[in-house]
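A.B. asks: Quick one: structure below, then a few questions.
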Amino acid sequence: MLPYEPREIEPRWQGVWEASRLDEVREGDDKPCYYVLEMFPYPSGDVHMGHVRNYSIGDVISRYKRMRGFNVLHPIGWDSFGLPAENAAIKQDSTPAEWTYRNIERQRASLKQLGFSYDWNRTVITSDVNYYHWGQWIFLKLWEQGLVERRSSPVNWCPSCKTVLANEQVLGEGACWRCGSTVERRELEQWFFKITNYAQELLDDLDTLEGWPERVRQMQANWIGRSTGAEIDFALCDADKNPSDERITVFTTRPDTLFGCTFFLLAPEHPLVKRLVEGTVFEAEVARVVELAATATAVERSKGERKKNGAFTGRFVVNPINGEKVPIWIADYVMMDYGTGAVMAVPSGDQRDFEFARAYGLPIPPVVIAEDDPLFETLYEARERKLDDVTWEAAFDGAGVMVQSAEFTGMKGGKDSPGSQAVIDKLAAQGAGRATVNFRLRDWLISRQRYWGNPIPAIYCDNCGIVPVPEEDLPVVLPMDADVAKGETLASRPEFYHVTCPRCGAAAHRETDTMDTFTCSSWYYLRYTDPHNTALPFAREKVDAWMPVDQYIGGIEHAILHLLYSRFFTKALRDIGLLAFDEPFSNLLTQGMVKLNGEVMSKSKGNVIAPEDMIARFGVDALRLYTLFMAPPDKDLDWSQEGLEGVSRFVNRVWRSAHDLLGETVVDEEGTLLSLYDESLDAAAAAARGKELNRELHRVIGKVTADIDRFNFNTAISAVMELVNTISSYLRVPLALRDEPLAHRAARTLVLLLAPFTPHICEELWQVVFGEEGSVHLQSWPEFDPKQAIADVVELAVQINGKVRARVTVATSATEDEVREASLAAAASLIGDKPVKKLVVVPGKLVSIVV
RNA sequence: GGGGGCGUGGCGGAAUUGGCAUACGCAGCGGACUUAAAAUCCGCCGUCGCAAGACAUGAGGGUUCGAGUCCCUCCGCCCCUACCA
């Protein structure tokens with residue numbers, strides 16, 4: 001036996017597989033299609049353990065499905081536009097393109113070294129012109145559909161990255177997702193994708209994504225943030241309640257509390273504020289609060305308990321339900337970008353309004369109260385206002401009964417309650433309100449004031465305004481040699497910037513903003529199905545054949561951003577007629593992180609375990625197997641060097657066991673005999689061990705198959721370890737007494753079951769050691785025969801009054817009556833003469849006797 | 001504040017539908033082989049107990065012949081999200 005040398009075996013087989021194009025998709029056969037996809041990497045540096053784990057999961061699924069008879073699409077590419085390339089280029093006095101493509105080549109080499117079964121002929125690189133060309137084409141199609149808008153809006157600006165950001169790219173407490181800087185709010189004219197047109201469908205279809213983790217579905221639902229309620233119009237009035245024509249509309253989820261509205265709030269940045277107070281005595285104080293809100297937000301926000309600041313504007317509105325005069329205040333807790341930026345404040349029903357009322361001495365009349373509230377007796381059936389304040393410590397925002405609410409008194413109040421509906425109906429009848437649905441989701445801001453991205457195909461003409469670049473003029477090519485270190489931008493390149501207007505022929509100039517990188521990653525999975533198409537982003541029949549992605553694998557950090565944008569793209573492209581399905585990813589697996597001592601590995605912390613170091617010591621197969629064995633795929637994995645060594649020992653053991661099963665004498669490097677025969681075994685004992693081995697083979701085939709199907713790779717591997725333990729027991733049978741066909745079958749089965757996990761050692765054993773024809777990765781998955789996994793006899797536990805008291809061995813084929821009899825006999829001395837009240841038989845498991 | 005998830009040996013974790021809790025691995029302990037070590041192989045390894053046995057899945061209660069799993073109450077931890085009107 002040759003010693004196991006992963007460093008020799010692994011590169012050799014990788015070369016053979018590449019030369020024979022083993023992993024390239026062969027289209028046109030009649031096998032069912034299966035599309036397995038891992039989120040493609042950003043080429044920021046070396047391949048790390050997180051990549052190894054992510055791609056090992058995908059590779060097991062890919063190889064397994066191929067052995068199960070599927071035609072598998074398993075592609076890889078790079079998400080290669082983005083700001084880090086610009087920053088790196090400045091630091092290294094290089095260009096973003098140079099830095100990006102150098103990193104891609106390094107990562108490509110690493111991924112090949114890891115032996116992943118990618119179809120390298122389908123690589124998609126988003127900064128390649130033959131890809132981003134079609135991103136521009138899709139942009140134009142969305143524009144034609146009315147899904148692209150350029151408009152002025154308050155947006156998030158990162159002063160460090162010097163670009164605007166989408167809402168989804170601003171993390172908690174106002175931090176930029178890339179650099180962590182506090183973002184600023186600016187009013188700017190920008191490009192948007194109208195993702196809000198799909199808000200309802202994006203929410204509804206989450207219910208169809210049964211193959212997604214509940215957590216991700218919840219996060220998306222929360223992000224979309226649907227609220228049902230009403231819009232209510234309040235007319236501005238003067239101090240004597242004379243209404244004007246001007247109305248301010250609010251959104252509320254609690255129209256039933258309208259009788260408790262004692263003040264009216266505007267966001268500090270609300271466009272009306274300035275005009276309401278201009279030239280009045282209230283102007284100075286209002287301006288002070290506006291200023292406070294604009295400057296202190298980010299700092300205040302991080303401080304947990306926030307004091308609510310506000311100021312009276314000196315103006316009033318009329319409450320449309322009861323004609324009461326309500327003062328208009330501004331308050332810094334009212335957000336301009338949710339609802340309408342105006343709020344009807346009901347201090348008894350909303351905690352924030354409650355605190356504000358207490359701080360500024362405003363009345364708090366209760367209007368919806370719980371039935372067990374002490375006030376209930378006093379106020380029940382009170383239609384007029386009897387009580388103008390409460391002794392409560394906090395607002396009551398639950399479901400209750402409406403009081404002090406005219407004809408609505410006594411009705412059930414709460415979110416979406418009959419009381420709410422009744423109030424909406426009355427307001428609708430007088431034209432002062434209507435039922436409506438509000439979403440938290442905002443339109444997707446996709447323009448970036450950066451160089452290294454996909455140019456937005458638009459032209460500015462003094463005569464014609466904003467003009468789309470004609471389809472036949474695509475692609476708008478990004479100059480690859482821009483020296484960003486010297487401050488070069490798209491605007492500073494005359495040959496890029498100056499154009500003639502495609503409509504009128506006058507001198508014009510190009511848009512110099514580029515698209516958000518997330519636009520590139522929103523459709524790359526479609527391009528993989530048809531990566532070389534030069535006439536279209538993809539052909540309809542290719543997409544129809546492969547999509548949707550059967551299994552998508554990636555990190556939870558994309559739960560909202562990438563996954564929501566991709567779902568939007570899919571729906572928008574469907575409506576353009578390019579696709580026929582509603583959702584891009586049928587099943588999603590979010591893998592956990594690889595950590596060291598509970599901390600995320602990072603270069604800056606200096607706690608990185610480099611894959612190549614581990615490969616040099618233990619080999620690719622051991623490393624990959626380790627990442628799959630140590631934890632379930634969706635959980636975080638804390639690095640354990642001892643754990644990797646244990647898995648490496650197991651791989652070595654597989655190598656020795658396979659040789660031994662073929663009848664080879666196994667020796668170590670110094671020639672010491674490692675095969676261990678038990679000469680005391682006779683033919684009958686050998687046959688019994690053979691029977692046991694055969695049974696175990698079938699049990700493990702069944703277990704591994706079921707476990708891979710539900711992504712329990714860790715237990716699939718432990719089942720193979722159990723098989724190897726049983727094989728070890730069989731290997732003690734002296735060669736002369738062994739069942740040779742059985743031993744060979746065991747060896748082949750072991751290798752087939754492990755092939756998706758440890759592809760190199762299995763290929764070596766299969767082709768070289770076993771001398772089989774063809775790659776192990778093109779073999780059929782072992783057939784599971786449940787009948788052969790069953791033993792002739794089975795030991796049952798006998799429970800008496802819920803405790804295991806005895807054991808009885810019966811034939812597997814025994815009838816329930818036979819089992820009953822045998823267990824009563826076995827437990828006779830324990831039961832004595834007590835009458836048996838009940839007897840439950842669980843076939844193959846236990847018997848429960850109650851006395 | 002809202003939402004999601006979790007609590008099992010010294011550690012990572014297993015237990016698919018309510019059916020013998022702790023599979024598999026790591027660490028540890030003992031033995032074989034060896035001049036010795038490494039490697040390998042065999043065995044032990046929840047707690048208490050000499051043993052028979054008793055007790056153990058965060059705590060307490062319930063349903064059931066039977067609960068890690070289902071229900072209720074409480075405690076603790078993690079993640080996401082948030083002045084969302």
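Ordering of the structure tokens sets the chain letters (A, B, ...); residue numbers start at 1 within each chain; ligands are numbered from 1 in the order shown.
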Using backbone DSSP assignments, extract all strand (DSSP E or B) residues from stretch 479-568 of chain A; output them as number ranges by chain.
C.D. replies: A: 498-500, 507-510, 514-515, 549, 551-555
A.B. asks: Just the selected residues (N, CA and C atoms), exported as a short mmCIF file (atom, residue, chain, number, x, y, z; two decimals), in the first residue's frame, please.
C.D. replies:
```cif
data_model
loop_
_atom_site.label_atom_id
_atom_site.label_comp_id
_atom_site.auth_asym_id
_atom_site.auth_seq_id
_atom_site.Cartn_x
_atom_site.Cartn_y
_atom_site.Cartn_z
N HIS A 498 -18.32 63.84 -23.63
CA HIS A 498 -18.97 64.60 -24.71
C HIS A 498 -19.54 63.68 -25.77
N VAL A 499 -20.83 63.89 -26.04
CA VAL A 499 -21.50 63.11 -27.08
C VAL A 499 -22.47 64.04 -27.83
N THR A 500 -23.02 63.51 -28.90
CA THR A 500 -24.10 64.25 -29.54
C THR A 500 -25.42 63.60 -29.13
N ALA A 507 -24.89 69.05 -29.36
CA ALA A 507 -23.88 68.66 -28.40
C ALA A 507 -24.55 68.34 -27.07
N ALA A 508 -24.11 67.24 -26.46
CA ALA A 508 -24.73 66.80 -25.20
C ALA A 508 -23.66 66.12 -24.37
N HIS A 509 -24.04 65.69 -23.18
CA HIS A 509 -23.04 64.96 -22.37
C HIS A 509 -23.67 63.77 -21.67
N ARG A 510 -22.78 62.83 -21.36
CA ARG A 510 -23.25 61.59 -20.75
C ARG A 510 -23.48 61.73 -19.26
N THR A 514 -22.55 55.96 -12.01
CA THR A 514 -22.61 54.53 -12.34
C THR A 514 -23.69 53.88 -11.48
N MET A 515 -24.00 52.63 -11.82
CA MET A 515 -25.07 51.94 -11.08
C MET A 515 -24.50 51.28 -9.84
N VAL A 549 -33.31 28.89 -9.63
CA VAL A 549 -32.21 28.20 -8.96
C VAL A 549 -32.79 27.23 -7.93
N GLN A 551 -31.11 25.43 -5.63
CA GLN A 551 -30.54 25.62 -4.30
C GLN A 551 -29.55 26.77 -4.32
N TYR A 552 -29.83 27.77 -3.50
CA TYR A 552 -28.95 28.93 -3.40
C TYR A 552 -28.30 28.90 -2.02
N ILE A 553 -27.02 29.23 -1.95
CA ILE A 553 -26.29 29.13 -0.69
C ILE A 553 -25.47 30.40 -0.49
N GLY A 554 -25.61 31.02 0.68
CA GLY A 554 -24.83 32.21 0.94
C GLY A 554 -25.03 32.70 2.37
N GLY A 555 -24.43 33.85 2.64
CA GLY A 555 -24.44 34.37 4.01
C GLY A 555 -25.73 35.12 4.34
#
```
A.B. asks: Show me, as a count of residues only, every residue of chain A with an atom at most 7 Å from chain B, counting only C-alpha atoms (C1' of nucleotides).
C.D. replies: 22
A.B. asks: Excluding same-chain residues fewer than 6 positions from stretch 367-383 of chain A, what lies within 10 Å of it counting only C-alpha atoms (C1' of nucleotides), as a short mmCIF file (atom, residue, chain, number, x, y, z; two decimals) with N, CA, C and O atoms, in the first residue's frame?
C.D. replies:
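This went into selection-v1.cif:
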```cif
data_model
loop_
_atom_site.label_atom_id
_atom_site.label_comp_id
_atom_site.auth_asym_id
_atom_site.auth_seq_id
_atom_site.Cartn_x
_atom_site.Cartn_y
_atom_site.Cartn_z
N ASP A 256 -59.35 54.58 14.85
CA ASP A 256 -60.30 54.48 15.96
C ASP A 256 -59.96 55.41 17.12
O ASP A 256 -60.79 55.66 17.97
N THR A 257 -58.72 55.92 17.15
CA THR A 257 -58.33 56.80 18.26
C THR A 257 -58.45 58.28 17.90
O THR A 257 -57.98 59.14 18.63
N LEU A 258 -59.10 58.55 16.76
CA LEU A 258 -59.11 59.92 16.24
C LEU A 258 -59.70 60.94 17.22
O LEU A 258 -59.29 62.10 17.25
N PHE A 259 -60.66 60.48 18.05
CA PHE A 259 -61.26 61.40 19.03
C PHE A 259 -60.27 61.82 20.12
O PHE A 259 -60.50 62.78 20.83
N GLY A 260 -59.16 61.07 20.21
CA GLY A 260 -58.16 61.40 21.23
C GLY A 260 -57.02 62.22 20.70
O GLY A 260 -56.01 62.43 21.38
N CYS A 261 -57.17 62.71 19.46
CA CYS A 261 -56.10 63.52 18.86
C CYS A 261 -56.14 64.92 19.45
O CYS A 261 -57.06 65.69 19.17
N VAL A 346 -52.05 61.03 19.26
CA VAL A 346 -53.06 60.56 20.21
C VAL A 346 -52.30 60.10 21.46
O VAL A 346 -51.90 58.95 21.56
N PRO A 347 -52.10 60.99 22.42
CA PRO A 347 -51.21 60.68 23.53
C PRO A 347 -51.68 59.52 24.41
O PRO A 347 -50.86 58.83 24.99
N SER A 348 -52.99 59.26 24.48
CA SER A 348 -53.44 58.14 25.32
C SER A 348 -53.20 56.80 24.63
O SER A 348 -53.25 55.77 25.28
N GLY A 349 -52.96 56.84 23.31
CA GLY A 349 -52.85 55.59 22.56
C GLY A 349 -51.49 55.33 21.95
O GLY A 349 -51.30 54.31 21.28
N VAL A 390 -55.35 61.29 32.02
CA VAL A 390 -55.32 59.97 32.65
C VAL A 390 -54.26 59.96 33.74
O VAL A 390 -53.35 60.80 33.76
N THR A 391 -54.38 58.99 34.63
CA THR A 391 -53.35 58.81 35.65
C THR A 391 -52.37 57.71 35.24
O THR A 391 -51.52 57.32 36.01
N ALA A 395 -49.02 55.01 27.74
CA ALA A 395 -50.14 54.96 26.81
C ALA A 395 -50.65 53.54 26.70
O ALA A 395 -49.93 52.58 26.94
N PHE A 396 -51.93 53.39 26.35
CA PHE A 396 -52.51 52.07 26.11
C PHE A 396 -52.69 51.89 24.60
O PHE A 396 -53.52 52.55 23.99
N ASP A 397 -51.89 50.97 24.01
CA ASP A 397 -51.98 50.84 22.55
C ASP A 397 -52.56 49.49 22.13
O ASP A 397 -52.47 49.11 20.97
N GLY A 398 -53.15 48.78 23.06
CA GLY A 398 -53.73 47.48 22.72
C GLY A 398 -55.15 47.60 22.20
O GLY A 398 -55.65 48.70 21.97
N ALA A 399 -55.79 46.43 22.03
CA ALA A 399 -57.19 46.41 21.62
C ALA A 399 -58.06 46.66 22.84
O ALA A 399 -57.75 46.20 23.93
N GLY A 400 -59.12 47.42 22.67
CA GLY A 400 -60.00 47.74 23.80
C GLY A 400 -61.33 48.24 23.31
O GLY A 400 -61.76 47.92 22.20
N VAL A 401 -61.96 49.03 24.13
CA VAL A 401 -63.29 49.55 23.79
C VAL A 401 -63.20 51.06 23.61
O VAL A 401 -62.54 51.75 24.38
N MET A 402 -63.88 51.56 22.60
CA MET A 402 -63.86 53.00 22.34
C MET A 402 -64.75 53.72 23.34
O MET A 402 -65.87 53.28 23.61
N VAL A 403 -64.23 54.80 23.89
CA VAL A 403 -65.02 55.65 24.81
C VAL A 403 -64.82 57.10 24.41
O VAL A 403 -63.88 57.43 23.69
N GLN A 404 -65.70 57.97 24.91
CA GLN A 404 -65.63 59.42 24.64
C GLN A 404 -65.51 59.67 23.13
O GLN A 404 -64.79 60.56 22.71
N SER A 405 -66.19 58.86 22.34
CA SER A 405 -66.02 58.91 20.89
C SER A 405 -67.36 59.00 20.18
O SER A 405 -67.62 58.29 19.19
N ALA A 406 -68.26 59.84 20.71
CA ALA A 406 -69.56 60.10 20.07
C ALA A 406 -70.26 58.79 19.73
O ALA A 406 -70.31 57.90 20.57
N GLU A 407 -70.75 58.68 18.50
CA GLU A 407 -71.57 57.50 18.16
C GLU A 407 -70.75 56.22 18.09
O GLU A 407 -71.30 55.13 18.02
N PHE A 408 -69.41 56.33 18.11
CA PHE A 408 -68.57 55.14 18.02
C PHE A 408 -68.33 54.53 19.40
O PHE A 408 -67.78 53.43 19.52
N THR A 409 -68.72 55.22 20.44
CA THR A 409 -68.51 54.75 21.81
C THR A 409 -69.11 53.36 21.99
O THR A 409 -70.23 53.10 21.55
N GLY A 410 -68.30 52.46 22.62
CA GLY A 410 -68.76 51.10 22.84
C GLY A 410 -68.27 50.13 21.78
O GLY A 410 -68.32 48.92 21.98
N MET A 411 -67.79 50.65 20.65
CA MET A 411 -67.28 49.75 19.60
C MET A 411 -65.90 49.24 19.97
O MET A 411 -65.20 49.83 20.78
N LYS A 412 -65.53 48.12 19.35
CA LYS A 412 -64.20 47.57 19.58
C LYS A 412 -63.15 48.41 18.84
O LYS A 412 -63.31 48.70 17.66
N GLY A 413 -62.11 48.81 19.61
CA GLY A 413 -61.03 49.59 19.01
C GLY A 413 -59.74 48.81 18.98
O GLY A 413 -59.59 47.80 19.65
N GLY A 414 -58.80 49.27 18.15
CA GLY A 414 -57.52 48.58 17.99
C GLY A 414 -57.12 48.61 16.54
O GLY A 414 -57.84 49.16 15.70
N GLY A 419 -64.10 49.34 14.96
CA GLY A 419 -64.14 50.77 15.25
C GLY A 419 -63.35 51.57 14.23
O GLY A 419 -63.79 52.61 13.74
#
```
A.B. asks: Which polymer residues have any atom within 8 Å of an atom of stretch 817-831 of chain A, counting only C-alpha atoms (C1' of nucleotides), with same-chain residues fewer than 6 positions away left out, as a list in words?
C.D. replies: Val798, Arg805, Ala806, Arg807, Val808, Val810, Leu839, Val841, Val847 and Val851 of chain A
A.B. asks: So that I have them on file, write out the residues from the current selection with all heavy atoms, as a PDB file, in the first residue's frame.
C.D. replies:
```pdb
ATOM      1  N   VAL A 798     -38.392  -3.209  27.481  1.00  0.00           N
ATOM      2  CA  VAL A 798     -39.687  -3.442  28.105  1.00  0.00           C
ATOM      3  C   VAL A 798     -39.856  -2.446  29.243  1.00  0.00           C
ATOM      4  O   VAL A 798     -39.097  -2.443  30.203  1.00  0.00           O
ATOM      5  CB  VAL A 798     -39.805  -4.886  28.643  1.00  0.00           C
ATOM      6  CG1 VAL A 798     -41.184  -5.090  29.286  1.00  0.00           C
ATOM      7  CG2 VAL A 798     -39.593  -5.874  27.517  1.00  0.00           C
ATOM      8  N   ARG A 805     -37.362  -1.716  32.366  1.00  0.00           N
ATOM      9  CA  ARG A 805     -37.059  -2.685  33.428  1.00  0.00           C
ATOM     10  C   ARG A 805     -36.467  -3.977  32.881  1.00  0.00           C
ATOM     11  O   ARG A 805     -35.878  -4.747  33.634  1.00  0.00           O
ATOM     12  CB  ARG A 805     -38.341  -3.054  34.193  1.00  0.00           C
ATOM     13  CG  ARG A 805     -38.917  -1.919  34.981  1.00  0.00           C
ATOM     14  CD  ARG A 805     -38.057  -1.614  36.170  1.00  0.00           C
ATOM     15  NE  ARG A 805     -38.685  -0.617  37.004  1.00  0.00           N
ATOM     16  CZ  ARG A 805     -38.210  -0.227  38.183  1.00  0.00           C
ATOM     17  NH1 ARG A 805     -37.097  -0.757  38.654  1.00  0.00           N
ATOM     18  NH2 ARG A 805     -38.835   0.695  38.872  1.00  0.00           N
ATOM     19  N   ALA A 806     -36.707  -4.236  31.621  1.00  0.00           N
ATOM     20  CA  ALA A 806     -36.239  -5.512  31.065  1.00  0.00           C
ATOM     21  C   ALA A 806     -36.014  -5.350  29.572  1.00  0.00           C
ATOM     22  O   ALA A 806     -36.351  -4.320  28.980  1.00  0.00           O
ATOM     23  CB  ALA A 806     -37.273  -6.596  31.334  1.00  0.00           C
ATOM     24  N   ARG A 807     -35.373  -6.347  28.999  1.00  0.00           N
ATOM     25  CA  ARG A 807     -35.147  -6.355  27.556  1.00  0.00           C
ATOM     26  C   ARG A 807     -35.554  -7.705  27.008  1.00  0.00           C
ATOM     27  O   ARG A 807     -35.460  -8.709  27.706  1.00  0.00           O
ATOM     28  CB  ARG A 807     -33.671  -6.112  27.252  1.00  0.00           C
ATOM     29  CG  ARG A 807     -33.304  -4.701  27.623  1.00  0.00           C
ATOM     30  CD  ARG A 807     -31.868  -4.357  27.335  1.00  0.00           C
ATOM     31  NE  ARG A 807     -31.688  -2.975  27.723  1.00  0.00           N
ATOM     32  CZ  ARG A 807     -32.018  -1.929  26.951  1.00  0.00           C
ATOM     33  NH1 ARG A 807     -32.526  -2.137  25.746  1.00  0.00           N
ATOM     34  NH2 ARG A 807     -31.863  -0.711  27.386  1.00  0.00           N
ATOM     35  N   VAL A 808     -36.052  -7.698  25.789  1.00  0.00           N
ATOM     36  CA  VAL A 808     -36.458  -8.961  25.182  1.00  0.00           C
ATOM     37  C   VAL A 808     -36.056  -8.943  23.713  1.00  0.00           C
ATOM     38  O   VAL A 808     -36.171  -7.924  23.044  1.00  0.00           O
ATOM     39  CB  VAL A 808     -37.986  -9.176  25.360  1.00  0.00           C
ATOM     40  CG1 VAL A 808     -38.783  -8.095  24.663  1.00  0.00           C
ATOM     41  CG2 VAL A 808     -38.397 -10.546  24.854  1.00  0.00           C
ATOM     42  N   VAL A 810     -36.663 -10.400  20.038  1.00  0.00           N
ATOM     43  CA  VAL A 810     -37.670 -11.115  19.238  1.00  0.00           C
ATOM     44  C   VAL A 810     -37.279 -11.054  17.764  1.00  0.00           C
ATOM     45  O   VAL A 810     -36.473 -10.217  17.361  1.00  0.00           O
ATOM     46  CB  VAL A 810     -39.079 -10.484  19.402  1.00  0.00           C
ATOM     47  CG1 VAL A 810     -39.552 -10.599  20.840  1.00  0.00           C
ATOM     48  CG2 VAL A 810     -39.078  -9.041  18.955  1.00  0.00           C
ATOM     49  N   LEU A 839     -51.131  -2.332  27.635  1.00  0.00           N
ATOM     50  CA  LEU A 839     -49.886  -2.771  27.022  1.00  0.00           C
ATOM     51  C   LEU A 839     -49.764  -2.150  25.636  1.00  0.00           C
ATOM     52  O   LEU A 839     -50.641  -2.318  24.788  1.00  0.00           O
ATOM     53  CB  LEU A 839     -49.845  -4.298  26.937  1.00  0.00           C
ATOM     54  CG  LEU A 839     -48.477  -4.929  26.696  1.00  0.00           C
ATOM     55  CD1 LEU A 839     -48.379  -6.289  27.343  1.00  0.00           C
ATOM     56  CD2 LEU A 839     -48.144  -5.004  25.219  1.00  0.00           C
ATOM     57  N   VAL A 841     -47.400  -1.651  22.226  1.00  0.00           N
ATOM     58  CA  VAL A 841     -46.251  -2.166  21.472  1.00  0.00           C
ATOM     59  C   VAL A 841     -45.837  -1.143  20.425  1.00  0.00           C
ATOM     60  O   VAL A 841     -46.660  -0.732  19.604  1.00  0.00           O
ATOM     61  CB  VAL A 841     -46.580  -3.500  20.783  1.00  0.00           C
ATOM     62  CG1 VAL A 841     -45.420  -3.956  19.915  1.00  0.00           C
ATOM     63  CG2 VAL A 841     -46.929  -4.555  21.825  1.00  0.00           C
ATOM     64  N   VAL A 847     -41.792  -2.003  24.327  1.00  0.00           N
ATOM     65  CA  VAL A 847     -43.101  -2.424  24.801  1.00  0.00           C
ATOM     66  C   VAL A 847     -43.336  -1.717  26.123  1.00  0.00           C
ATOM     67  O   VAL A 847     -42.438  -1.663  26.959  1.00  0.00           O
ATOM     68  CB  VAL A 847     -43.135  -3.955  25.017  1.00  0.00           C
ATOM     69  CG1 VAL A 847     -44.501  -4.373  25.549  1.00  0.00           C
ATOM     70  CG2 VAL A 847     -42.813  -4.675  23.724  1.00  0.00           C
ATOM     71  N   VAL A 851     -49.109  -1.532  35.000  1.00  0.00           N
ATOM     72  CA  VAL A 851     -49.735  -2.460  35.964  1.00  0.00           C
ATOM     73  C   VAL A 851     -50.345  -1.668  37.129  1.00  0.00           C
ATOM     74  O   VAL A 851     -49.987  -0.522  37.369  1.00  0.00           O
ATOM     75  CB  VAL A 851     -48.720  -3.486  36.514  1.00  0.00           C
ATOM     76  CG1 VAL A 851     -48.204  -4.356  35.385  1.00  0.00           C
ATOM     77  CG2 VAL A 851     -47.579  -2.793  37.229  1.00  0.00           C
TER      78      VAL A 851
END
```
A.B. asks: Would you pick out the contacts of B:G76 at 12 Å or less, using only C-alpha atoms (C1' of nucleotides), so that residues sharing its chain but fewer than 3 positions from it are not included, and give the list as a count of residues only?
C.D. replies: 4
A.B. asks: Return as JSON, numbers by chain the full set of residues in stretch 320-470 of chain A whose backbone-based DSSP assignment is helix (DSSP H, G or I).
C.D. replies: {"A": [351, 352, 353, 354, 355, 356, 357, 358, 359, 360, 376, 377, 378, 379, 406, 407, 408, 418, 419, 420, 421, 422, 423, 424, 425, 426, 427, 428, 429]}
A.B. asks: Calculated over only C-alpha atoms (C1' of nucleotides), which of the candidates A:Leu676, A:Glu187, A:Ser602, A:Ala88 has the smallest distance to B:A32?
C.D. replies: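 Using only C-alpha atoms (C1' of nucleotides), B:A32 sits closest to A:Leu676.
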A.B. asks: Quick one: distance from atom CA of A:Arg185 to atom CA of A:Val334 in Å, one decimal?
C.D. replies: 15.2 Å
A.B. asks: So the first atom is atom CA of A:Val317 and the second is atom CA of A:Met344; what is the distance between them in Å, to one decimal place?
C.D. replies: 10.3 Å
A.B. asks: Leaving out A:Phe585 and any residue of its chain fewer than 5 positions from it, which residues lie within 10 Å of it when counting only C-alpha atoms (C1' of nucleotides), given as a list of chain:residue names?
C.D. replies: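 Counting only the stated atoms, we get A:Tyr35, A:Val36, A:Leu37, A:Leu209, A:Gly211, A:Trp212, A:Tyr525, A:Met547, A:Pro548, A:Val549, A:Asp550, A:Gln551, A:Tyr552, A:Ile553, A:Leu563, A:Ser566, A:Arg567, A:Thr570.
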A.B. asks: Any chance you can output those residues with N, CA and C atoms as a tab-separated table (two decimals), in the first residue's frame?
C.D. replies:
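Listing of part.tsv after writing:
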```tsv
chain	number	residue	atom	x	y	z
A	35	TYR	N	-30.03	23.22	-10.64
A	35	TYR	CA	-29.18	24.41	-10.62
A	35	TYR	C	-28.78	24.70	-9.18
A	36	VAL	N	-27.53	24.52	-8.86
A	36	VAL	CA	-27.04	24.83	-7.51
A	36	VAL	C	-26.06	26.00	-7.61
A	37	LEU	N	-26.28	26.97	-6.76
A	37	LEU	CA	-25.55	28.23	-6.88
A	37	LEU	C	-25.10	28.74	-5.52
A	209	LEU	N	-42.19	30.96	-0.59
A	209	LEU	CA	-40.79	30.54	-0.51
A	209	LEU	C	-40.60	29.60	0.68
A	211	GLY	N	-38.89	27.03	0.85
A	211	GLY	CA	-37.53	26.53	0.98
A	211	GLY	C	-36.56	27.58	1.52
A	212	TRP	N	-37.09	28.67	2.04
A	212	TRP	CA	-36.23	29.72	2.63
A	212	TRP	C	-36.31	29.66	4.15
A	525	TYR	N	-27.28	35.36	-11.90
A	525	TYR	CA	-27.70	33.95	-11.90
A	525	TYR	C	-28.46	33.59	-13.18
A	547	MET	N	-33.83	27.79	-14.73
A	547	MET	CA	-34.34	28.59	-13.61
A	547	MET	C	-35.70	28.06	-13.15
A	548	PRO	N	-36.11	28.35	-11.91
A	548	PRO	CA	-35.36	29.06	-10.88
A	548	PRO	C	-34.22	28.21	-10.30
A	549	VAL	N	-33.31	28.89	-9.63
A	549	VAL	CA	-32.21	28.20	-8.96
A	549	VAL	C	-32.79	27.23	-7.93
A	550	ASP	N	-32.38	25.95	-8.05
A	550	ASP	CA	-32.93	24.95	-7.13
A	550	ASP	C	-32.39	25.13	-5.72
A	551	GLN	N	-31.11	25.43	-5.63
A	551	GLN	CA	-30.54	25.62	-4.30
A	551	GLN	C	-29.55	26.77	-4.32
A	552	TYR	N	-29.83	27.77	-3.50
A	552	TYR	CA	-28.95	28.93	-3.40
A	552	TYR	C	-28.30	28.90	-2.02
A	553	ILE	N	-27.02	29.23	-1.95
A	553	ILE	CA	-26.29	29.13	-0.69
A	553	ILE	C	-25.47	30.40	-0.49
A	563	LEU	N	-30.92	39.68	-1.83
A	563	LEU	CA	-32.04	38.76	-2.09
A	563	LEU	C	-33.32	39.51	-2.44
A	566	SER	N	-32.82	40.96	-6.05
A	566	SER	CA	-32.91	39.91	-7.06
A	566	SER	C	-34.36	39.50	-7.29
A	567	ARG	N	-35.12	39.46	-6.21
A	567	ARG	CA	-36.54	39.11	-6.34
A	567	ARG	C	-37.26	40.19	-7.15
A	570	THR	N	-36.33	39.84	-10.87
A	570	THR	CA	-37.02	38.71	-11.47
A	570	THR	C	-38.46	39.09	-11.84
```
